[in-house]
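*Asks:* PDB, C-alpha atoms, saved as target-v4.pdb, coming up:
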```
ATOM      1  CA  ARG N   1     123.857  93.212 -25.720  1.00  0.00           C
ATOM      2  CA  GLY N   2     120.523  91.527 -25.553  1.00  0.00           C
ATOM      3  CA  GLY N   3     118.479  90.478 -28.535  1.00  0.00           C
ATOM      4  CA  GLY N   4     119.981  92.616 -31.267  1.00  0.00           C
ATOM      5  CA  GLY N   5     120.457  96.029 -29.709  1.00  0.00           C
ATOM      6  CA  GLY N   6     122.037  98.115 -26.987  1.00  0.00           C
ATOM      7  CA  GLY N   7     125.547  97.960 -25.682  1.00  0.00           C
ATOM      8  CA  GLY N   8     128.870  99.171 -26.880  1.00  0.00           C
ATOM      9  CA  ARG N   9     131.550 101.724 -26.251  1.00  0.00           C
ATOM     10  CA  GLY N  10     130.881 104.549 -28.702  1.00  0.00           C
ATOM     11  CA  GLY N  11     133.537 106.535 -30.545  1.00  0.00           C
ATOM     12  CA  PRO N  12     134.036 108.328 -33.818  1.00  0.00           C
ATOM     13  CA  PRO N  13     132.636 106.726 -36.958  1.00  0.00           C
ATOM     14  CA  ALA N  14     135.008 104.757 -39.123  1.00  0.00           C
ATOM     15  CA  PRO N  15     136.163 106.508 -42.280  1.00  0.00           C
ATOM     16  CA  PRO N  16     134.172 105.587 -45.373  1.00  0.00           C
ATOM     17  CA  PRO N  17     135.687 102.953 -47.631  1.00  0.00           C
ATOM     18  CA  SER N  18     137.835 104.401 -50.387  1.00  0.00           C
ATOM     19  CA  SER N  19     136.003 102.541 -53.131  1.00  0.00           C
ATOM     20  CA  ALA N  20     132.940 100.366 -53.543  1.00  0.00           C
ATOM     21  CA  GLU N  21     133.426  96.799 -54.701  1.00  0.00           C
ATOM     22  CA  GLU N  22     131.000  95.177 -57.108  1.00  0.00           C
ATOM     23  CA  VAL N  23     129.942  91.823 -55.699  1.00  0.00           C
ATOM     24  CA  SER N  24     128.001  89.146 -57.527  1.00  0.00           C
ATOM     25  CA  PRO N  25     125.089  87.430 -55.752  1.00  0.00           C
ATOM     26  CA  GLU N  26     127.214  84.279 -55.360  1.00  0.00           C
ATOM     27  CA  GLU N  27     130.100  86.245 -53.850  1.00  0.00           C
ATOM     28  CA  ASP N  28     127.634  88.046 -51.573  1.00  0.00           C
ATOM     29  CA  ARG N  29     126.669  84.664 -50.101  1.00  0.00           C
ATOM     30  CA  ASN N  30     130.317  83.589 -49.862  1.00  0.00           C
ATOM     31  CA  PRO N  31     132.363  86.705 -49.044  1.00  0.00           C
ATOM     32  CA  ASP N  32     135.222  84.691 -47.567  1.00  0.00           C
ATOM     33  CA  ARG N  33     136.451  83.006 -50.711  1.00  0.00           C
ATOM     34  CA  GLY N  34     140.173  82.278 -50.534  1.00  0.00           C
ATOM     35  CA  ARG N  35     140.416  82.551 -46.742  1.00  0.00           C
ATOM     36  CA  GLY N  36     141.559  79.988 -44.159  1.00  0.00           C
ATOM     37  CA  SER N  37     139.522  77.342 -42.368  1.00  0.00           C
ATOM     38  CA  VAL N  38     135.776  76.791 -42.483  1.00  0.00           C
ATOM     39  CA  GLU N  39     135.513  78.154 -38.921  1.00  0.00           C
ATOM     40  CA  GLU N  40     137.356  81.310 -39.943  1.00  0.00           C
ATOM     41  CA  ALA N  41     135.137  81.680 -42.995  1.00  0.00           C
ATOM     42  CA  GLU N  42     131.936  81.262 -40.969  1.00  0.00           C
ATOM     43  CA  SER N  43     133.191  83.680 -38.325  1.00  0.00           C
ATOM     44  CA  ALA N  44     134.290  86.268 -40.883  1.00  0.00           C
ATOM     45  CA  SER N  45     131.269  85.960 -43.176  1.00  0.00           C
ATOM     46  CA  GLN N  46     129.394  88.818 -41.533  1.00  0.00           C
ATOM     47  CA  PHE N  47     132.468  90.901 -40.740  1.00  0.00           C
ATOM     48  CA  ASN N  48     134.302  91.298 -44.063  1.00  0.00           C
ATOM     49  CA  ARG N  49     131.589  92.204 -46.508  1.00  0.00           C
ATOM     50  CA  THR N  50     130.615  95.486 -48.082  1.00  0.00           C
ATOM     51  CA  LEU N  51     127.184  94.535 -49.401  1.00  0.00           C
ATOM     52  CA  VAL N  52     124.279  92.529 -48.010  1.00  0.00           C
ATOM     53  CA  ARG N  53     121.366  91.930 -50.341  1.00  0.00           C
ATOM     54  CA  ARG N  54     117.890  91.482 -48.848  1.00  0.00           C
ATOM     55  CA  GLU N  55     117.788  87.860 -50.005  1.00  0.00           C
ATOM     56  CA  THR N  56     120.979  87.101 -48.065  1.00  0.00           C
ATOM     57  CA  ALA N  57     119.750  88.904 -44.942  1.00  0.00           C
ATOM     58  CA  MET N  58     116.467  86.970 -45.043  1.00  0.00           C
ATOM     59  CA  GLU N  59     118.390  83.670 -45.390  1.00  0.00           C
ATOM     60  CA  GLU N  60     120.421  84.611 -42.306  1.00  0.00           C
ATOM     61  CA  LEU N  61     117.237  85.446 -40.383  1.00  0.00           C
ATOM     62  CA  ALA N  62     115.886  81.976 -41.231  1.00  0.00           C
ATOM     63  CA  ARG N  63     118.803  80.218 -39.500  1.00  0.00           C
ATOM     64  CA  ASP N  64     118.199  78.558 -36.135  1.00  0.00           C
ATOM     65  CA  SER N  65     120.910  80.775 -34.628  1.00  0.00           C
ATOM     66  CA  ALA N  66     118.873  83.908 -35.464  1.00  0.00           C
ATOM     67  CA  ASN N  67     116.124  83.032 -32.945  1.00  0.00           C
ATOM     68  CA  ILE N  68     116.314  85.516 -30.046  1.00  0.00           C
ATOM     69  CA  GLY N  69     112.931  84.818 -28.460  1.00  0.00           C
ATOM     70  CA  PRO N  70     109.349  83.789 -29.249  1.00  0.00           C
ATOM     71  CA  GLY N  71     108.550  85.171 -32.697  1.00  0.00           C
ATOM     72  CA  CYS N  72     111.725  87.307 -32.766  1.00  0.00           C
ATOM     73  CA  ARG N  73     114.758  86.796 -34.994  1.00  0.00           C
ATOM     74  CA  ALA N  74     117.900  88.889 -35.543  1.00  0.00           C
ATOM     75  CA  ALA N  75     120.955  88.698 -37.788  1.00  0.00           C
ATOM     76  CA  VAL N  76     124.045  90.897 -37.739  1.00  0.00           C
ATOM     77  CA  LEU N  77     124.545  92.452 -41.158  1.00  0.00           C
ATOM     78  CA  PHE N  78     127.741  94.423 -40.491  1.00  0.00           C
ATOM     79  CA  HIS N  79     130.146  94.504 -37.562  1.00  0.00           C
ATOM     80  CA  GLU N  80     132.300  97.626 -37.753  1.00  0.00           C
ATOM     81  CA  ALA N  81     134.630  99.401 -35.340  1.00  0.00           C
ATOM     82  CA  ALA N  82     132.118 102.173 -34.583  1.00  0.00           C
ATOM     83  CA  PHE N  83     128.787 100.364 -35.064  1.00  0.00           C
ATOM     84  CA  ASP N  84     126.930  97.155 -35.829  1.00  0.00           C
ATOM     85  CA  THR N  85     123.897  96.855 -38.064  1.00  0.00           C
ATOM     86  CA  ALA N  86     121.372  94.086 -37.715  1.00  0.00           C
ATOM     87  CA  MET N  87     118.085  93.033 -39.228  1.00  0.00           C
ATOM     88  CA  LEU N  88     115.264  92.176 -36.837  1.00  0.00           C
ATOM     89  CA  MET N  89     112.155  90.204 -37.767  1.00  0.00           C
ATOM     90  CA  LEU N  90     109.023  90.087 -35.631  1.00  0.00           C
ATOM     91  CA  GLU N  91     106.614  87.391 -36.817  1.00  0.00           C
ATOM     92  CA  PRO N  92     102.866  88.063 -37.014  1.00  0.00           C
ATOM     93  CA  ALA N  93     100.730  86.915 -34.090  1.00  0.00           C
ATOM     94  CA  SER N  94      99.272  84.106 -36.215  1.00  0.00           C
ATOM     95  CA  ALA N  95     102.751  82.532 -36.448  1.00  0.00           C
ATOM     96  CA  ASN N  96     103.348  82.903 -32.697  1.00  0.00           C
ATOM     97  CA  ASN N  97     100.379  81.098 -31.126  1.00  0.00           C
ATOM     98  CA  GLY N  98      98.245  84.246 -31.356  1.00  0.00           C
ATOM     99  CA  ARG N  99     100.663  86.352 -29.294  1.00  0.00           C
ATOM    100  CA  SER N 100     102.297  89.507 -30.662  1.00  0.00           C
ATOM    101  CA  PRO N 101     106.102  89.063 -30.700  1.00  0.00           C
ATOM    102  CA  GLU N 102     107.955  91.716 -28.732  1.00  0.00           C
ATOM    103  CA  LEU N 103     111.565  92.774 -28.267  1.00  0.00           C
ATOM    104  CA  SER N 104     112.227  94.665 -25.025  1.00  0.00           C
ATOM    105  CA  GLU N 105     115.625  95.849 -23.866  1.00  0.00           C
ATOM    106  CA  GLN N 106     117.745  98.767 -22.721  1.00  0.00           C
ATOM    107  CA  ASN N 107     120.148 100.734 -24.892  1.00  0.00           C
ATOM    108  CA  SER N 108     123.231 100.265 -22.729  1.00  0.00           C
ATOM    109  CA  SER N 109     125.358 102.321 -25.121  1.00  0.00           C
ATOM    110  CA  ALA N 110     126.498 105.870 -24.407  1.00  0.00           C
ATOM    111  CA  LEU N 111     125.154 106.761 -27.871  1.00  0.00           C
ATOM    112  CA  GLU N 112     121.754 106.677 -29.582  1.00  0.00           C
ATOM    113  CA  MET N 113     120.542 103.622 -31.492  1.00  0.00           C
ATOM    114  CA  LEU N 114     118.475 103.805 -34.680  1.00  0.00           C
ATOM    115  CA  TYR N 115     115.717 101.543 -35.992  1.00  0.00           C
ATOM    116  CA  PHE N 116     114.250 101.723 -39.509  1.00  0.00           C
ATOM    117  CA  VAL N 117     111.045  99.875 -40.430  1.00  0.00           C
ATOM    118  CA  SER N 118     111.570  98.210 -43.813  1.00  0.00           C
ATOM    119  CA  GLU N 119     108.558  95.871 -43.930  1.00  0.00           C
ATOM    120  CA  ALA N 120     105.343  95.885 -41.892  1.00  0.00           C
ATOM    121  CA  GLU N 121     101.604  96.222 -42.041  1.00  0.00           C
ATOM    122  CA  ASP N 122     100.597  99.889 -41.861  1.00  0.00           C
ATOM    123  CA  GLN N 123     100.544 101.208 -38.262  1.00  0.00           C
ATOM    124  CA  LYS N 124     101.122  97.702 -36.831  1.00  0.00           C
ATOM    125  CA  VAL N 125     104.578  98.017 -35.280  1.00  0.00           C
ATOM    126  CA  GLU N 126     104.245  99.335 -31.765  1.00  0.00           C
ATOM    127  CA  PHE N 127     107.206 101.295 -30.379  1.00  0.00           C
ATOM    128  CA  LYS N 128     107.379 102.179 -26.693  1.00  0.00           C
ATOM    129  CA  LEU N 129     110.166 104.261 -25.170  1.00  0.00           C
ATOM    130  CA  GLY N 130     110.487 104.080 -21.399  1.00  0.00           C
ATOM    131  CA  LYS N 131     107.162 104.757 -19.692  1.00  0.00           C
ATOM    132  CA  ARG N 132     105.804 106.826 -22.589  1.00  0.00           C
ATOM    133  CA  ARG N 133     102.686 105.833 -24.496  1.00  0.00           C
ATOM    134  CA  PRO N 134     103.257 103.420 -27.393  1.00  0.00           C
ATOM    135  CA  GLN N 135     103.505 104.864 -30.892  1.00  0.00           C
ATOM    136  CA  LYS N 136     102.450 103.076 -34.105  1.00  0.00           C
ATOM    137  CA  LEU N 137     105.034 102.697 -36.880  1.00  0.00           C
ATOM    138  CA  SER N 138     104.775 101.861 -40.578  1.00  0.00           C
ATOM    139  CA  VAL N 139     107.210 101.183 -43.418  1.00  0.00           C
ATOM    140  CA  GLY N 140     109.655 104.074 -43.658  1.00  0.00           C
ATOM    141  CA  SER N 141     109.394 105.022 -39.979  1.00  0.00           C
ATOM    142  CA  GLU N 142     112.627 105.706 -38.145  1.00  0.00           C
ATOM    143  CA  VAL N 143     113.082 105.848 -34.377  1.00  0.00           C
ATOM    144  CA  VAL N 144     115.947 106.937 -32.152  1.00  0.00           C
ATOM    145  CA  ILE N 145     116.609 105.175 -28.857  1.00  0.00           C
ATOM    146  CA  PRO N 146     118.453 107.547 -26.499  1.00  0.00           C
ATOM    147  CA  ALA N 147     121.417 106.244 -24.524  1.00  0.00           C
ATOM    148  CA  GLY N 148     120.371 104.371 -21.396  1.00  0.00           C
ATOM    149  CA  GLU N 149     116.656 104.188 -22.325  1.00  0.00           C
ATOM    150  CA  THR N 150     114.533 101.070 -22.172  1.00  0.00           C
ATOM    151  CA  TYR N 151     112.305 100.388 -25.144  1.00  0.00           C
ATOM    152  CA  SER N 152     110.147  97.786 -26.790  1.00  0.00           C
ATOM    153  CA  LEU N 153     109.142  96.934 -30.342  1.00  0.00           C
ATOM    154  CA  LYS N 154     106.055  94.791 -30.916  1.00  0.00           C
ATOM    155  CA  ASN N 155     104.402  93.529 -34.084  1.00  0.00           C
ATOM    156  CA  VAL N 156     100.655  93.744 -33.492  1.00  0.00           C
ATOM    157  CA  SER N 157      99.751  92.506 -36.973  1.00  0.00           C
ATOM    158  CA  ARG N 158      97.932  89.186 -37.048  1.00  0.00           C
ATOM    159  CA  THR N 159      99.020  88.374 -40.604  1.00  0.00           C
ATOM    160  CA  GLN N 160     102.198  90.209 -41.684  1.00  0.00           C
ATOM    161  CA  ARG N 161     105.734  90.038 -40.315  1.00  0.00           C
ATOM    162  CA  ALA N 162     107.641  93.201 -39.424  1.00  0.00           C
ATOM    163  CA  VAL N 163     111.265  93.663 -40.511  1.00  0.00           C
ATOM    164  CA  LEU N 164     113.442  96.400 -39.072  1.00  0.00           C
ATOM    165  CA  VAL N 165     117.075  97.389 -39.520  1.00  0.00           C
ATOM    166  CA  THR N 166     118.995  98.727 -36.540  1.00  0.00           C
ATOM    167  CA  VAL N 167     122.247 100.641 -36.181  1.00  0.00           C
ATOM    168  CA  VAL N 168     123.920  99.969 -32.837  1.00  0.00           C
ATOM    169  CA  PRO N 169     126.921 102.106 -31.810  1.00  0.00           C
ATOM    170  CA  GLN N 170     129.990 100.439 -30.339  1.00  0.00           C
TER     171      GLN N 170
END
```
Represent the structure of the file as structure tokens.
*Replies:*
Amino acid sequence: RGGGGGGGRGGPPAPPPSSAEEVSPEEDRNPDRGRGSVEEAESASQFNRTLVRRETAMEELARDSANIGPGCRAAVLFHEAAFDTAMLMLEPASANNGRSPELSEQNSSALEMLYFVSEAEDQKVEFKLGKRRPQKLSVGSEVVIPAGETYSLKNVSRTQRAVLVTVVPQ
């Protein structure tokens, strides 16, 4: 998978968890309490949790390892048997030497991908599917990326970042 989307094997969704666990903000940041080595804890931190608060997701996006290209950052929120979810941040042009950050890739999965816009300036996220004309997105917009399609997401705002959440089938 490139840059936070596409790829995977598909399959039926995992059954829902039998019960929800209440997690304190401290536990949310350290979901691996009581586990083995530091390496195991770091590796498992994004794979054994049931809740990710926005504050935690934004902290993960701020890490050096979240950089996936000029002005683009991504962090895996959940890694499940049937899907991954990730948060994607596209910086404003003013934070990227005047250039609008863009994520372009192909959905290499046999299933559709979803993107939800959770933060953005109104009509300033540009979505382009294949060779179709770009469409403008705002907070609350949702897009489906068909299997095998190429697409791009671009933040054309000069002043406000765009944050999206994606669901990527496995």
*Asks:* Leaving out Phe127 of chain N and any residue of its chain fewer than 4 positions from it, which residues lie within 10 Å of it when counting only C-alpha atoms, given as a ChimeraX atom specification?
*Replies:* /N:102-104,132-137,143,151-155
*Asks:* What separation in Å, quoted to one decimal, exists between atom CA of Lys124 of chain N and atom CA of Val139 of chain N?
*Replies:*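 Interatomic distance here is 9.6 Å.
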*Asks:* What residues come out when you apply the PyMOL selection byres ((chain N and resi 157) around 12) to this file, written as a PyMOL selection string?
*Replies:* chain N and resi 90-96+98-102+119-126+136-138+154-156+158-162
*Asks:* State, in Å with one decimal place, the distance from atom CA of Glu149 of chain N to atom CA of Gly69 of chain N.
*Replies:*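 Spanning atom CA of Glu149 of chain N to atom CA of Gly69 of chain N is a straight-line distance of 20.7 Å.
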*Asks:* Between N:Val76, N:Met58, N:Val163, N:Val168, which one has atoms that come closest to Ala110 of chain N, using all atoms listed in the file?
*Replies:*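 Of N:Val76, N:Met58, N:Val163, N:Val168, the one nearest Ala110 of chain N, counting all atoms listed in the file, is N:Val168.
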